[in-house]
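**Student:** Contents of target.txt (compact mmCIF, C-alpha atoms (C1' of nucleotides)) are below:
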```txt
# COMPACT_ATOMS: atom_id res chain seq x y z
CA MET Q 1 0.00 0.00 0.00
CA ARG Q 2 2.46 2.60 -1.21
CA LEU Q 3 1.77 6.20 -2.01
CA SER Q 4 2.36 7.05 -5.66
CA THR Q 5 5.11 9.41 -6.75
CA ARG Q 6 2.47 12.14 -6.90
CA GLY Q 7 2.18 12.30 -3.15
CA ARG Q 8 5.83 11.67 -2.48
CA TYR Q 9 7.22 14.18 -4.96
CA GLY Q 10 4.51 16.65 -4.04
CA LEU Q 11 5.41 16.66 -0.37
CA LYS Q 12 9.09 17.03 -1.17
CA ALA Q 13 8.36 19.97 -3.44
CA MET Q 14 6.14 21.67 -0.88
CA PHE Q 15 8.79 21.14 1.77
CA GLN Q 16 11.37 22.72 -0.50
CA LEU Q 17 9.08 25.71 -0.94
CA ALA Q 18 8.63 25.87 2.82
CA ILE Q 19 12.40 26.10 3.25
CA HIS Q 20 12.36 29.14 0.98
CA TYR Q 21 9.16 30.62 2.37
CA GLY Q 22 9.23 34.42 2.23
CA GLU Q 23 11.89 34.60 -0.47
CA GLY Q 24 9.49 35.33 -3.31
CA PRO Q 25 8.73 33.02 -6.24
CA ILE Q 26 10.97 29.96 -6.63
CA PRO Q 27 11.23 28.52 -10.15
CA LEU Q 28 10.25 24.92 -10.69
CA ASN Q 29 13.56 23.84 -12.17
CA SER Q 30 15.37 24.69 -8.95
CA ILE Q 31 12.87 22.63 -6.93
CA ALA Q 32 13.06 19.78 -9.39
CA SER Q 33 16.83 19.61 -9.33
CA ALA Q 34 17.08 20.08 -5.58
CA GLN Q 35 14.77 17.10 -5.07
CA ASN Q 36 15.92 15.21 -8.15
CA ILE Q 37 12.53 15.05 -9.85
CA SER Q 38 11.58 15.45 -13.52
CA GLU Q 39 10.62 19.09 -13.96
CA ASN Q 40 7.89 18.39 -16.52
CA TYR Q 41 6.29 15.81 -14.31
CA LEU Q 42 6.51 17.99 -11.22
CA GLU Q 43 4.75 20.69 -13.18
CA GLN Q 44 1.60 18.60 -13.25
CA LEU Q 45 1.66 18.01 -9.52
CA VAL Q 46 2.27 21.66 -8.82
CA SER Q 47 -0.62 22.56 -11.08
CA THR Q 48 -2.91 20.44 -8.91
CA LEU Q 49 -1.56 22.02 -5.74
CA ARG Q 50 -2.17 25.48 -7.14
CA LYS Q 51 -5.75 24.65 -8.07
CA GLU Q 52 -6.25 23.38 -4.52
CA GLY Q 53 -5.06 26.73 -3.21
CA LEU Q 54 -1.93 25.42 -1.53
CA LEU Q 55 0.48 27.47 -3.58
CA ASN Q 56 0.59 30.57 -5.77
CA SER Q 57 2.44 31.11 -9.00
CA VAL Q 58 4.06 34.05 -10.74
CA ARG Q 59 4.35 33.73 -14.48
CA GLY Q 60 7.09 34.96 -16.77
CA ALA Q 61 10.81 35.40 -16.26
CA GLN Q 62 11.86 35.53 -12.60
CA GLY Q 63 8.55 33.86 -11.86
CA GLY Q 64 7.97 30.68 -9.94
CA TYR Q 65 5.95 29.23 -7.10
CA MET Q 66 5.44 30.04 -3.44
CA LEU Q 67 3.35 28.67 -0.62
CA ALA Q 68 -0.10 30.24 -0.51
CA LYS Q 69 -0.08 30.17 3.30
CA ALA Q 70 2.46 30.05 6.08
CA PRO Q 71 4.16 26.65 6.58
CA SER Q 72 2.30 26.29 9.88
CA GLU Q 73 -1.01 26.58 8.01
CA ILE Q 74 -0.34 23.76 5.53
CA THR Q 75 -0.45 20.15 6.67
CA VAL Q 76 0.87 16.99 5.09
CA GLY Q 77 -2.76 15.92 4.93
CA ASN Q 78 -3.69 18.92 2.79
CA ILE Q 79 -0.94 18.06 0.35
CA LEU Q 80 -1.48 14.30 0.17
CA ARG Q 81 -5.25 14.54 -0.21
CA ALA Q 82 -4.82 17.12 -2.97
CA LEU Q 83 -2.53 14.82 -4.92
CA GLU Q 84 -3.70 11.34 -4.01
CA GLY Q 85 -7.38 11.89 -3.31
CA ASP Q 86 -9.08 10.70 -0.17
CA MET Q 87 -6.60 8.69 1.89
CA ALA Q 88 -8.79 5.63 2.27
CA PRO Q 89 -7.63 2.00 2.13
CA ALA Q 90 -10.87 0.95 0.40
CA ASP Q 91 -13.47 2.67 -1.75
CA CYS Q 92 -16.26 1.99 0.72
CA VAL Q 93 -14.75 4.41 3.24
CA VAL Q 94 -14.15 7.21 0.75
CA GLU Q 95 -16.05 10.39 1.53
CA ASP Q 96 -19.52 10.36 -0.06
CA PHE Q 97 -19.33 6.78 -1.26
CA SER Q 98 -22.45 4.91 -2.18
CA GLY Q 99 -22.67 1.52 -3.73
CA CYS Q 100 -22.24 -1.21 -1.13
CA GLU Q 101 -25.55 -2.81 -0.37
CA ARG Q 102 -24.41 -4.76 2.67
CA GLU Q 103 -23.12 -1.50 4.12
CA GLU Q 104 -25.01 -1.96 7.36
CA ASN Q 105 -23.44 -5.07 8.75
CA CYS Q 106 -20.03 -5.04 7.08
CA VAL Q 107 -17.35 -5.69 9.66
CA THR Q 108 -14.41 -5.20 7.30
CA LYS Q 109 -15.67 -1.68 6.67
CA VAL Q 110 -15.14 -0.94 10.35
CA VAL Q 111 -11.53 -2.02 9.95
CA TRP Q 112 -10.96 0.18 6.89
CA LYS Q 113 -12.55 3.08 8.70
CA ARG Q 114 -10.19 2.76 11.62
CA MET Q 115 -7.20 2.58 9.30
CA LYS Q 116 -8.36 5.64 7.42
CA ASP Q 117 -8.97 7.65 10.57
CA SER Q 118 -5.58 6.73 11.91
CA ILE Q 119 -3.79 7.77 8.73
CA ASN Q 120 -5.63 11.05 8.55
CA GLN Q 121 -5.00 11.79 12.18
CA VAL Q 122 -1.27 11.52 11.59
CA ILE Q 123 -1.02 13.49 8.37
CA ASP Q 124 -3.33 16.23 9.59
CA SER Q 125 -1.22 16.68 12.70
CA ILE Q 126 2.02 17.37 10.80
CA SER Q 127 2.46 20.82 9.23
CA LEU Q 128 5.25 21.99 6.96
CA GLN Q 129 6.42 24.07 9.90
CA ASP Q 130 6.76 20.88 11.95
CA MET Q 131 8.92 19.49 9.17
CA LEU Q 132 11.08 22.61 9.18
CA ASN Q 133 11.52 22.23 12.93
CA GLU Q 134 12.46 18.60 12.44
CA LYS Q 135 15.04 19.62 9.86
CA ALA Q 136 16.55 22.18 12.25
CA LYS Q 137 16.70 19.56 14.97
CA MET Q 138 18.43 17.09 12.66
CA GLU Q 139 21.03 19.63 11.65
CA LEU Q 140 21.68 20.55 15.25
CA GLU Q 141 22.17 16.92 16.21
CA LYS Q 142 24.53 16.45 13.32
CA ARG Q 143 26.62 19.46 14.31
CA GLU Q 144 26.84 18.20 17.88
CA ALA Q 145 28.00 14.77 16.81
CA MET G 1 -3.60 5.02 -1.40
CA ARG G 2 -5.97 2.08 -1.62
CA LEU G 3 -5.29 -1.49 -0.67
CA SER G 4 -5.45 -3.89 -3.59
CA THR G 5 -8.11 -6.57 -3.85
CA ARG G 6 -5.55 -8.99 -2.44
CA GLY G 7 -5.71 -7.45 1.00
CA ARG G 8 -9.41 -6.72 0.88
CA TYR G 9 -10.54 -10.11 -0.38
CA GLY G 10 -8.03 -11.83 1.86
CA LEU G 11 -9.37 -10.24 5.01
CA LYS G 12 -12.94 -11.05 4.01
CA ALA G 13 -12.01 -14.65 3.39
CA MET G 14 -10.17 -14.99 6.68
CA PHE G 15 -13.10 -13.40 8.49
CA GLN G 16 -15.42 -15.90 6.85
CA LEU G 17 -13.18 -18.71 8.08
CA ALA G 18 -13.20 -17.16 11.54
CA ILE G 19 -17.01 -17.32 11.54
CA HIS G 20 -16.77 -21.06 10.88
CA TYR G 21 -13.80 -21.65 13.17
CA GLY G 22 -13.95 -25.11 14.74
CA GLU G 23 -16.25 -26.57 12.10
CA GLY G 24 -13.53 -28.39 10.19
CA PRO G 25 -12.36 -27.59 6.67
CA ILE G 26 -14.45 -25.10 4.68
CA PRO G 27 -14.24 -25.39 0.89
CA LEU G 28 -13.08 -22.38 -1.08
CA ASN G 29 -16.14 -22.18 -3.27
CA SER G 30 -18.38 -21.56 -0.28
CA ILE G 31 -16.12 -18.75 0.91
CA ALA G 32 -15.91 -17.31 -2.57
CA SER G 33 -19.65 -17.28 -3.08
CA ALA G 34 -20.37 -16.01 0.43
CA GLN G 35 -18.10 -13.03 -0.15
CA ASN G 36 -18.79 -12.75 -3.87
CA ILE G 37 -15.21 -13.26 -5.02
CA SER G 38 -13.81 -15.21 -7.98
CA GLU G 39 -12.89 -18.62 -6.64
CA ASN G 40 -9.86 -19.04 -8.88
CA TYR G 41 -8.50 -15.69 -7.87
CA LEU G 42 -9.15 -16.29 -4.19
CA GLU G 43 -7.22 -19.52 -4.52
CA GLN G 44 -4.05 -17.55 -5.13
CA LEU G 45 -4.55 -15.40 -2.07
CA VAL G 46 -5.33 -18.36 0.10
CA SER G 47 -2.21 -20.07 -1.16
CA THR G 48 -0.15 -17.14 0.12
CA LEU G 49 -1.93 -17.18 3.47
CA ARG G 50 -1.23 -20.88 3.84
CA LYS G 51 2.45 -20.42 3.08
CA GLU G 52 2.54 -17.71 5.74
CA GLY G 53 1.12 -20.18 8.24
CA LEU G 54 -2.16 -18.36 8.77
CA LEU G 55 -4.36 -21.19 7.56
CA ASN G 56 -4.27 -24.93 6.98
CA SER G 57 -5.72 -26.92 4.15
CA VAL G 58 -7.18 -30.38 3.73
CA ARG G 59 -6.98 -31.82 0.25
CA GLY G 60 -9.42 -34.04 -1.56
CA ALA G 61 -13.20 -34.33 -1.35
CA GLN G 62 -14.71 -32.85 1.81
CA GLY G 63 -11.51 -30.86 2.13
CA GLY G 64 -11.08 -27.15 2.44
CA TYR G 65 -9.40 -24.50 4.55
CA MET G 66 -9.36 -23.58 8.21
CA LEU G 67 -7.58 -21.04 10.37
CA ALA G 68 -4.23 -22.27 11.59
CA LYS G 69 -4.72 -20.52 14.92
CA ALA G 70 -7.58 -19.25 17.05
CA PRO G 71 -9.25 -16.05 15.77
CA SER G 72 -7.80 -14.21 18.75
CA GLU G 73 -4.30 -15.18 17.62
CA ILE G 74 -4.58 -13.78 14.10
CA THR G 75 -4.50 -10.06 13.51
CA VAL G 76 -5.55 -7.96 10.56
CA GLY G 77 -1.90 -6.95 10.38
CA ASN G 78 -0.79 -10.56 9.93
CA ILE G 79 -3.20 -10.95 7.03
CA LEU G 80 -2.55 -7.65 5.29
CA ARG G 81 1.22 -7.90 5.51
CA ALA G 82 1.09 -11.46 4.15
CA LEU G 83 -0.89 -10.35 1.12
CA GLU G 84 0.24 -6.79 0.52
CA GLY G 85 3.78 -6.86 1.85
CA ASP G 86 5.12 -4.35 4.32
CA MET G 87 2.45 -1.71 4.93
CA ALA G 88 4.68 1.26 4.18
CA PRO G 89 3.65 4.40 2.30
CA ALA G 90 7.11 4.66 0.69
CA ASP G 91 9.90 2.23 -0.14
CA CYS G 92 12.38 4.03 2.09
CA VAL G 93 10.52 2.95 5.22
CA VAL G 94 10.15 -0.67 4.19
CA GLU G 95 11.85 -3.11 6.53
CA ASP G 96 15.48 -3.70 5.54
CA PHE G 97 15.52 -1.06 2.86
CA SER G 98 18.79 0.30 1.58
CA GLY G 99 19.30 2.65 -1.28
CA CYS G 100 18.61 6.21 -0.24
CA GLU G 101 21.86 8.08 0.13
CA ARG G 102 20.40 11.14 1.84
CA GLU G 103 18.88 8.80 4.41
CA GLU G 104 20.40 10.72 7.31
CA ASN G 105 18.75 14.07 6.98
CA CYS G 106 15.57 13.22 5.09
CA VAL G 107 12.61 14.87 6.75
CA THR G 108 9.97 13.32 4.53
CA LYS G 109 11.18 9.92 5.66
CA VAL G 110 10.20 10.87 9.20
CA VAL G 111 6.70 11.57 7.93
CA TRP G 112 6.43 8.24 6.11
CA LYS G 113 7.72 6.48 9.21
CA ARG G 114 5.03 8.02 11.37
CA MET G 115 2.34 7.05 8.85
CA LYS G 116 3.64 3.51 8.70
CA ASP G 117 3.80 3.12 12.46
CA SER G 118 0.30 4.44 12.84
CA ILE G 119 -1.13 2.05 10.25
CA ASN G 120 0.63 -0.93 11.77
CA GLN G 121 -0.45 0.03 15.25
CA VAL G 122 -4.07 -0.10 14.14
CA ILE G 123 -3.97 -3.31 12.14
CA ASP G 124 -1.92 -5.15 14.73
CA SER G 125 -4.41 -4.24 17.42
CA ILE G 126 -7.40 -5.81 15.64
CA SER G 127 -7.74 -9.61 15.72
CA LEU G 128 -10.25 -11.75 13.90
CA GLN G 129 -11.83 -12.34 17.29
CA ASP G 130 -12.34 -8.58 17.64
CA MET G 131 -14.10 -8.63 14.29
CA LEU G 132 -16.33 -11.51 15.42
CA ASN G 133 -17.22 -9.52 18.53
CA GLU G 134 -17.99 -6.50 16.39
CA LYS G 135 -20.26 -8.64 14.22
CA ALA G 136 -22.12 -9.91 17.27
CA LYS G 137 -22.54 -6.36 18.52
CA MET G 138 -23.92 -5.25 15.16
CA GLU G 139 -26.43 -8.05 15.06
CA LEU G 140 -27.55 -7.30 18.60
CA GLU G 141 -28.06 -3.65 17.77
CA LYS G 142 -30.05 -4.57 14.71
CA ARG G 143 -32.32 -6.90 16.67
CA GLU G 144 -32.95 -4.20 19.24
CA ALA G 145 -33.87 -1.63 16.62
C1' DA P 1 -12.64 -49.48 -8.11
C1' DG P 2 -14.40 -45.26 -9.96
C1' DG P 3 -15.97 -40.86 -9.88
C1' DA P 4 -16.46 -36.55 -7.93
C1' DA P 5 -14.87 -32.94 -5.00
C1' DA P 6 -11.68 -30.52 -3.65
C1' DA P 7 -6.68 -28.35 -3.13
C1' DC P 8 -2.65 -27.16 -5.73
C1' DC P 9 0.16 -25.01 -9.47
C1' DA P 10 1.88 -22.17 -13.44
C1' DA P 11 1.19 -19.43 -17.10
C1' DG P 12 -1.26 -16.10 -19.83
C1' DC P 13 -3.75 -11.82 -20.66
C1' DG P 14 -6.66 -7.65 -21.27
C1' DA P 15 -7.50 -3.37 -18.99
C1' DT P 16 -5.96 0.14 -16.19
C1' DT P 17 -2.73 2.97 -13.96
C1' DT P 18 1.71 5.04 -13.41
C1' DA P 19 5.27 7.94 -14.39
C1' DC P 20 6.59 10.19 -17.18
C1' DT P 21 7.65 12.84 -22.19
C1' DT P 22 6.51 15.87 -25.99
C1' DG P 23 5.25 19.91 -27.98
C1' DG P 24 3.58 23.62 -27.68
C1' DA P 25 1.12 28.60 -26.16
C1' DA P 26 0.97 32.50 -22.98
C1' DT P 27 3.18 35.72 -19.85
C1' DT P 28 6.57 38.81 -18.08
C1' DA P 29 11.16 40.66 -16.31
C1' DA P 30 15.44 42.40 -18.07
C1' DT K 1 12.81 41.53 -28.02
C1' DT K 2 14.43 37.72 -26.02
C1' DA K 3 14.96 34.58 -22.55
C1' DA K 4 12.82 32.57 -18.62
C1' DT K 5 9.22 30.94 -16.88
C1' DT K 6 4.25 29.16 -16.07
C1' DC K 7 0.50 26.85 -18.21
C1' DC K 8 -1.85 23.23 -20.88
C1' DA K 9 -3.14 18.98 -23.51
C1' DA K 10 -1.99 14.91 -25.47
C1' DG K 11 0.72 10.83 -26.11
C1' DT K 12 3.19 6.62 -24.47
C1' DA K 13 6.08 2.78 -22.66
C1' DA K 14 6.17 -0.05 -18.79
C1' DA K 15 4.31 -1.94 -14.88
C1' DT K 16 0.63 -3.59 -12.16
C1' DC K 17 -3.95 -5.40 -11.32
C1' DG K 18 -7.42 -8.56 -11.38
C1' DC K 19 -8.38 -11.95 -12.96
C1' DT K 20 -8.81 -16.60 -16.35
C1' DT K 21 -7.24 -20.97 -18.28
C1' DG K 22 -5.82 -25.42 -18.10
C1' DG K 23 -4.25 -28.42 -15.99
C1' DT K 24 -2.34 -32.15 -11.86
C1' DT K 25 -2.91 -34.31 -7.47
C1' DT K 26 -5.24 -35.89 -3.47
C1' DT K 27 -8.92 -37.94 -0.98
C1' DC K 28 -13.60 -39.07 0.31
C1' DC K 29 -17.73 -41.55 -0.90
C1' DT K 30 -20.39 -45.03 -3.11
```
What do you get writing this file as structure tokens?
**Tutor:**
Amino acid sequence: MRLSTRGRYGLKAMFQLAIHYGEGPIPLNSIASAQNISENYLEQLVSTLRKEGLLNSVRGAQGGYMLAKAPSEITVGNILRALEGDMAPADCVVEDFSGCEREENCVTKVVWKRMKDSINQVIDSISLQDMLNEKAKMELEKREA
Amino acid sequence: MRLSTRGRYGLKAMFQLAIHYGEGPIPLNSIASAQNISENYLEQLVSTLRKEGLLNSVRGAQGGYMLAKAPSEITVGNILRALEGDMAPADCVVEDFSGCEREENCVTKVVWKRMKDSINQVIDSISLQDMLNEKAKMELEKREA
DNA sequence: AGGAAAACCAAGCGATTTACTTGGAATTAA
DNA sequence: TTAATTCCAAGTAAATCGCTTGGTTTTCCT
């Protein structure tokens, strides 16, 4: 049950933008090379993230992308759901699903629901700011060692 | 990030066997039709589960499958990991993974690790017996309504 | 003994999804 | 005006998914 590259690349890109938050627009090619991702492919992911209101773009030369909100206001959950859709292990626990007749007494559905809730609880509790803090902590520990 | 049918069908099948635990071998076709799954396909999943030691088989006429252990001794985690592999959202947090050079200071890895741990915590805490209890509870509630 | 019911096994296969690439058009700073 | 950049739509090779097919073997039942 892996995430696709959409979610993985997307989070990396957003994290990279968080690192440069406040520095004005960052061009895609710098993000792509910093994270070692195909620029053309990343473009599609970034396009989704923009439409979801998670980042803003500036067109033309010296243009680029920037977070639409402060790193503390954007969670991993926001990013992953934008790129991967509802983070549900089975269709029957996707938001506004209809189609399973035995809905009522389906025990496996209870299991999928608990998995889904657990996943969402984790990703909604981690913001880009938390990741920046983690990065700072890592660098500190490295310097001390 | 959906599970594949392997994990979903597999859990349903194991739950069905849990319902009939203690009744001797249950033939695949009855499980397949009870859960509305292709018998030939289910056969492959069941073969994996047997090799993992989660169920036993009896060959020949009047044969079939049965849980290798009591429902309380088999968790959803046992079943899903047998069929889906390590329940990790990214390769870099799969057990005995090697290959990511920037391992040391990778913040996204911390995120994937927390997701993975959370998922495993949930699925390892639910046994087939818990699911049987849940079923009983559901039926009781229905009768009362 | 013979037939039927079942597990077991290996390969094939069409449809879908994934992870991109290609080839542009539009916009804007220098 | 040109270079840098976003924006957009379509194509595509490879992998994966969700099975199916075609058997062989084992064992119970009559």
**Student:** Can you tell me how far atom CA of G:Ile37 sits from atom C1' of K:DG18, in Å to one decimal?
**Tutor:**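 Straight-line distance from atom CA of G:Ile37 to atom C1' of K:DG18 works out to 11.1 Å.
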**Student:** Extract, using only C-alpha atoms (C1' of nucleotides), all DNA, RNA and protein residues at most 12 Å from stretch 32-35 of chain Q, discarding same-chain residues fewer than 6 positions from it, and format them as a ChimeraX atom specification.
**Tutor:** /Q:8-17,19,26,41-43,45-46 /G:102,106,108
**Student:** Which neighbours of G:Gly24 fall inside 12 Å, counting all atoms listed in the file, when residues of the same chain fewer than 5 positions from it are skipped, and could you give them as a ChimeraX atom specification?
**Tutor:** /G:17-19,55-58,62-68
**Student:** Tell me, as an MDAnalysis selection string, which residues lie within 12 Å of K:DC8, counting all atoms listed in the file; anything in the same chain fewer than 5 positions away does not count.
**Tutor:** (chainID Q and resid 40 43:44 47) or (chainID P and resid 23:26)
**Student:** Enter the distance from atom CA of G:Pro71 to atom CA of G:Glu52, in Å, rounded to one decimal.
**Tutor:** 15.6 Å
**Student:** Counting all atoms listed in the file, which residues of chain Q fall within 10 Å of chain G, and what is the closest atom pair for each with its distance in Å at one decimal, ordered by chain and rising number, as CSV?
**Tutor:**
```
residue,atom,partner,partner_atom,distance
Q:Met1,CA,G:Leu3,CA,5.5
Q:Arg2,CA,G:Pro89,CA,4.1
Q:Leu3,CA,G:Pro89,CA,5.0
Q:Ser4,CA,G:Met1,CA,7.6
Q:Thr5,CA,G:Ala90,CA,9.1
Q:Gly7,CA,G:Met1,CA,9.5
Q:Arg8,CA,G:Ala90,CA,7.8
Q:Tyr9,CA,G:Thr108,CA,9.9
Q:Leu11,CA,G:Thr108,CA,7.5
Q:Lys12,CA,G:Thr108,CA,6.9
Q:Phe15,CA,G:Thr108,CA,8.4
Q:Val76,CA,G:Val111,CA,8.5
Q:Leu80,CA,G:Met1,CA,9.6
Q:Arg81,CA,G:Met1,CA,9.7
Q:Glu84,CA,G:Met1,CA,6.8
Q:Gly85,CA,G:Met1,CA,8.1
Q:Asp86,CA,G:Met1,CA,8.0
Q:Met87,CA,G:Met1,CA,5.8
Q:Ala88,CA,G:Arg2,CA,6.0
Q:Pro89,CA,G:Arg2,CA,4.1
Q:Ala90,CA,G:Arg2,CA,5.4
Q:Asp91,CA,G:Arg2,CA,7.5
Q:Val94,CA,G:Arg2,CA,9.9
Q:Glu104,CA,G:Met138,CA,8.5
Q:Asn105,CA,G:Met138,CA,6.4
Q:Cys106,CA,G:Lys135,CA,8.0
Q:Val107,CA,G:Lys135,CA,6.2
Q:Thr108,CA,G:Lys12,CA,6.9
Q:Lys109,CA,G:Arg8,CA,9.9
Q:Val110,CA,G:Glu134,CA,8.7
Q:Val111,CA,G:Ile123,CA,8.0
Q:Trp112,CA,G:Arg8,CA,9.3
Q:Arg114,CA,G:Val122,CA,7.2
Q:Met115,CA,G:Ile119,CA,6.2
Q:Lys116,CA,G:Ile119,CA,8.6
Q:Asp117,CA,G:Ile119,CA,9.6
Q:Ser118,CA,G:Ser118,CA,6.4
Q:Ile119,CA,G:Met115,CA,6.2
Q:Asn120,CA,G:Met115,CA,8.9
Q:Gln121,CA,G:Ser118,CA,9.1
Q:Val122,CA,G:Met115,CA,6.4
Q:Ile123,CA,G:Met115,CA,7.3
Q:Ile126,CA,G:Val111,CA,8.0
Q:Asp130,CA,G:Val107,CA,9.9
Q:Met131,CA,G:Val107,CA,6.4
Q:Leu132,CA,G:Val107,CA,8.3
Q:Asn133,CA,G:Val107,CA,9.7
Q:Glu134,CA,G:Val107,CA,6.8
Q:Lys135,CA,G:Val107,CA,6.2
Q:Ala136,CA,G:Asn105,CA,9.9
Q:Lys137,CA,G:Asn105,CA,9.9
Q:Met138,CA,G:Asn105,CA,6.4
Q:Glu139,CA,G:Asn105,CA,7.6
Q:Lys142,CA,G:Asn105,CA,8.9
```
**Student:** Suppose we keep C-alpha atoms; can you now write the selection as a tab-separated table (two decimals), in the frame of the given file?
**Tutor:**
```
chain	number	residue	atom	x	y	z
Q	1	MET	CA	0.00	0.00	0.00
Q	2	ARG	CA	2.46	2.60	-1.21
Q	3	LEU	CA	1.77	6.20	-2.01
Q	4	SER	CA	2.36	7.05	-5.66
Q	5	THR	CA	5.11	9.41	-6.75
Q	7	GLY	CA	2.18	12.30	-3.15
Q	8	ARG	CA	5.83	11.67	-2.48
Q	9	TYR	CA	7.22	14.18	-4.96
Q	11	LEU	CA	5.41	16.66	-0.37
Q	12	LYS	CA	9.09	17.03	-1.17
Q	15	PHE	CA	8.79	21.14	1.77
Q	76	VAL	CA	0.87	16.99	5.09
Q	80	LEU	CA	-1.48	14.30	0.17
Q	81	ARG	CA	-5.25	14.54	-0.21
Q	84	GLU	CA	-3.70	11.34	-4.01
Q	85	GLY	CA	-7.38	11.89	-3.31
Q	86	ASP	CA	-9.08	10.70	-0.17
Q	87	MET	CA	-6.60	8.69	1.89
Q	88	ALA	CA	-8.79	5.63	2.27
Q	89	PRO	CA	-7.63	2.00	2.13
Q	90	ALA	CA	-10.87	0.95	0.40
Q	91	ASP	CA	-13.47	2.67	-1.75
Q	94	VAL	CA	-14.15	7.21	0.75
Q	104	GLU	CA	-25.01	-1.96	7.36
Q	105	ASN	CA	-23.44	-5.07	8.75
Q	106	CYS	CA	-20.03	-5.04	7.08
Q	107	VAL	CA	-17.35	-5.69	9.66
Q	108	THR	CA	-14.41	-5.20	7.30
Q	109	LYS	CA	-15.67	-1.68	6.67
Q	110	VAL	CA	-15.14	-0.94	10.35
Q	111	VAL	CA	-11.53	-2.02	9.95
Q	112	TRP	CA	-10.96	0.18	6.89
Q	114	ARG	CA	-10.19	2.76	11.62
Q	115	MET	CA	-7.20	2.58	9.30
Q	116	LYS	CA	-8.36	5.64	7.42
Q	117	ASP	CA	-8.97	7.65	10.57
Q	118	SER	CA	-5.58	6.73	11.91
Q	119	ILE	CA	-3.79	7.77	8.73
Q	120	ASN	CA	-5.63	11.05	8.55
Q	121	GLN	CA	-5.00	11.79	12.18
Q	122	VAL	CA	-1.27	11.52	11.59
Q	123	ILE	CA	-1.02	13.49	8.37
Q	126	ILE	CA	2.02	17.37	10.80
Q	130	ASP	CA	6.76	20.88	11.95
Q	131	MET	CA	8.92	19.49	9.17
Q	132	LEU	CA	11.08	22.61	9.18
Q	133	ASN	CA	11.52	22.23	12.93
Q	134	GLU	CA	12.46	18.60	12.44
Q	135	LYS	CA	15.04	19.62	9.86
Q	136	ALA	CA	16.55	22.18	12.25
Q	137	LYS	CA	16.70	19.56	14.97
Q	138	MET	CA	18.43	17.09	12.66
Q	139	GLU	CA	21.03	19.63	11.65
Q	142	LYS	CA	24.53	16.45	13.32
```
**Student:** Can you check which residues of chain G have any atom within 6 Å of chain K? Use only C-alpha atoms (C1' of nucleotides) and format it as an mmCIF file with C-alpha atoms, in the frame of the given file.
**Tutor:**
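Output saved as out.cif:
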```
data_model
loop_
_atom_site.group_PDB
_atom_site.id
_atom_site.type_symbol
_atom_site.label_atom_id
_atom_site.label_comp_id
_atom_site.auth_asym_id
_atom_site.auth_seq_id
_atom_site.Cartn_x
_atom_site.Cartn_y
_atom_site.Cartn_z
ATOM 1 C CA ARG G 59 -6.980 -31.820 0.250
ATOM 2 C CA GLY G 60 -9.420 -34.040 -1.560
ATOM 3 C CA ALA G 61 -13.200 -34.330 -1.350
#
```
**Student:** Define the interface residues of chain P facing chain G as those within 9 Å, counting only C-alpha atoms (C1' of nucleotides), and report them as a PyMOL selection string.
**Tutor:** chain P and resi 4-8
**Student:** Could you work out how far atom CA of G:Arg6 lies from atom C1' of P:DT16, giving the answer in Å with one decimal?
**Tutor:**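 We find that atom C1' of P:DT16 and atom CA of G:Arg6 lie 16.5 Å from each other.
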**Student:** Please determine, counting only C-alpha atoms, which residue among Q:Cys100, Q:Lys69, Q:Ile79, Q:Ser127 has the shortest atom-to-atom distance to Q:Thr48.
**Tutor:**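 Smallest distance to Q:Thr48 is found for Q:Ile79.
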**Student:** Can you sort out the box for stretch 63-74 of chain Q, edges along x, y and z, all listed atoms in, 3 Å on every side, with centre and edge lengths in Å to one decimal, as JSON?
**Tutor:**
```
{"center_x": 3.8, "center_y": 28.8, "center_z": -1.0, "size_x": 15.6, "size_y": 16.1, "size_z": 27.7}
```
**Student:** Between G:Ala145, G:Ile74, G:Leu140, G:Ser30, which one has atoms that come closest to G:Gly53, using all atoms listed in the file?
**Tutor:**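 Of all the options, G:Ile74 lies closest to G:Gly53.
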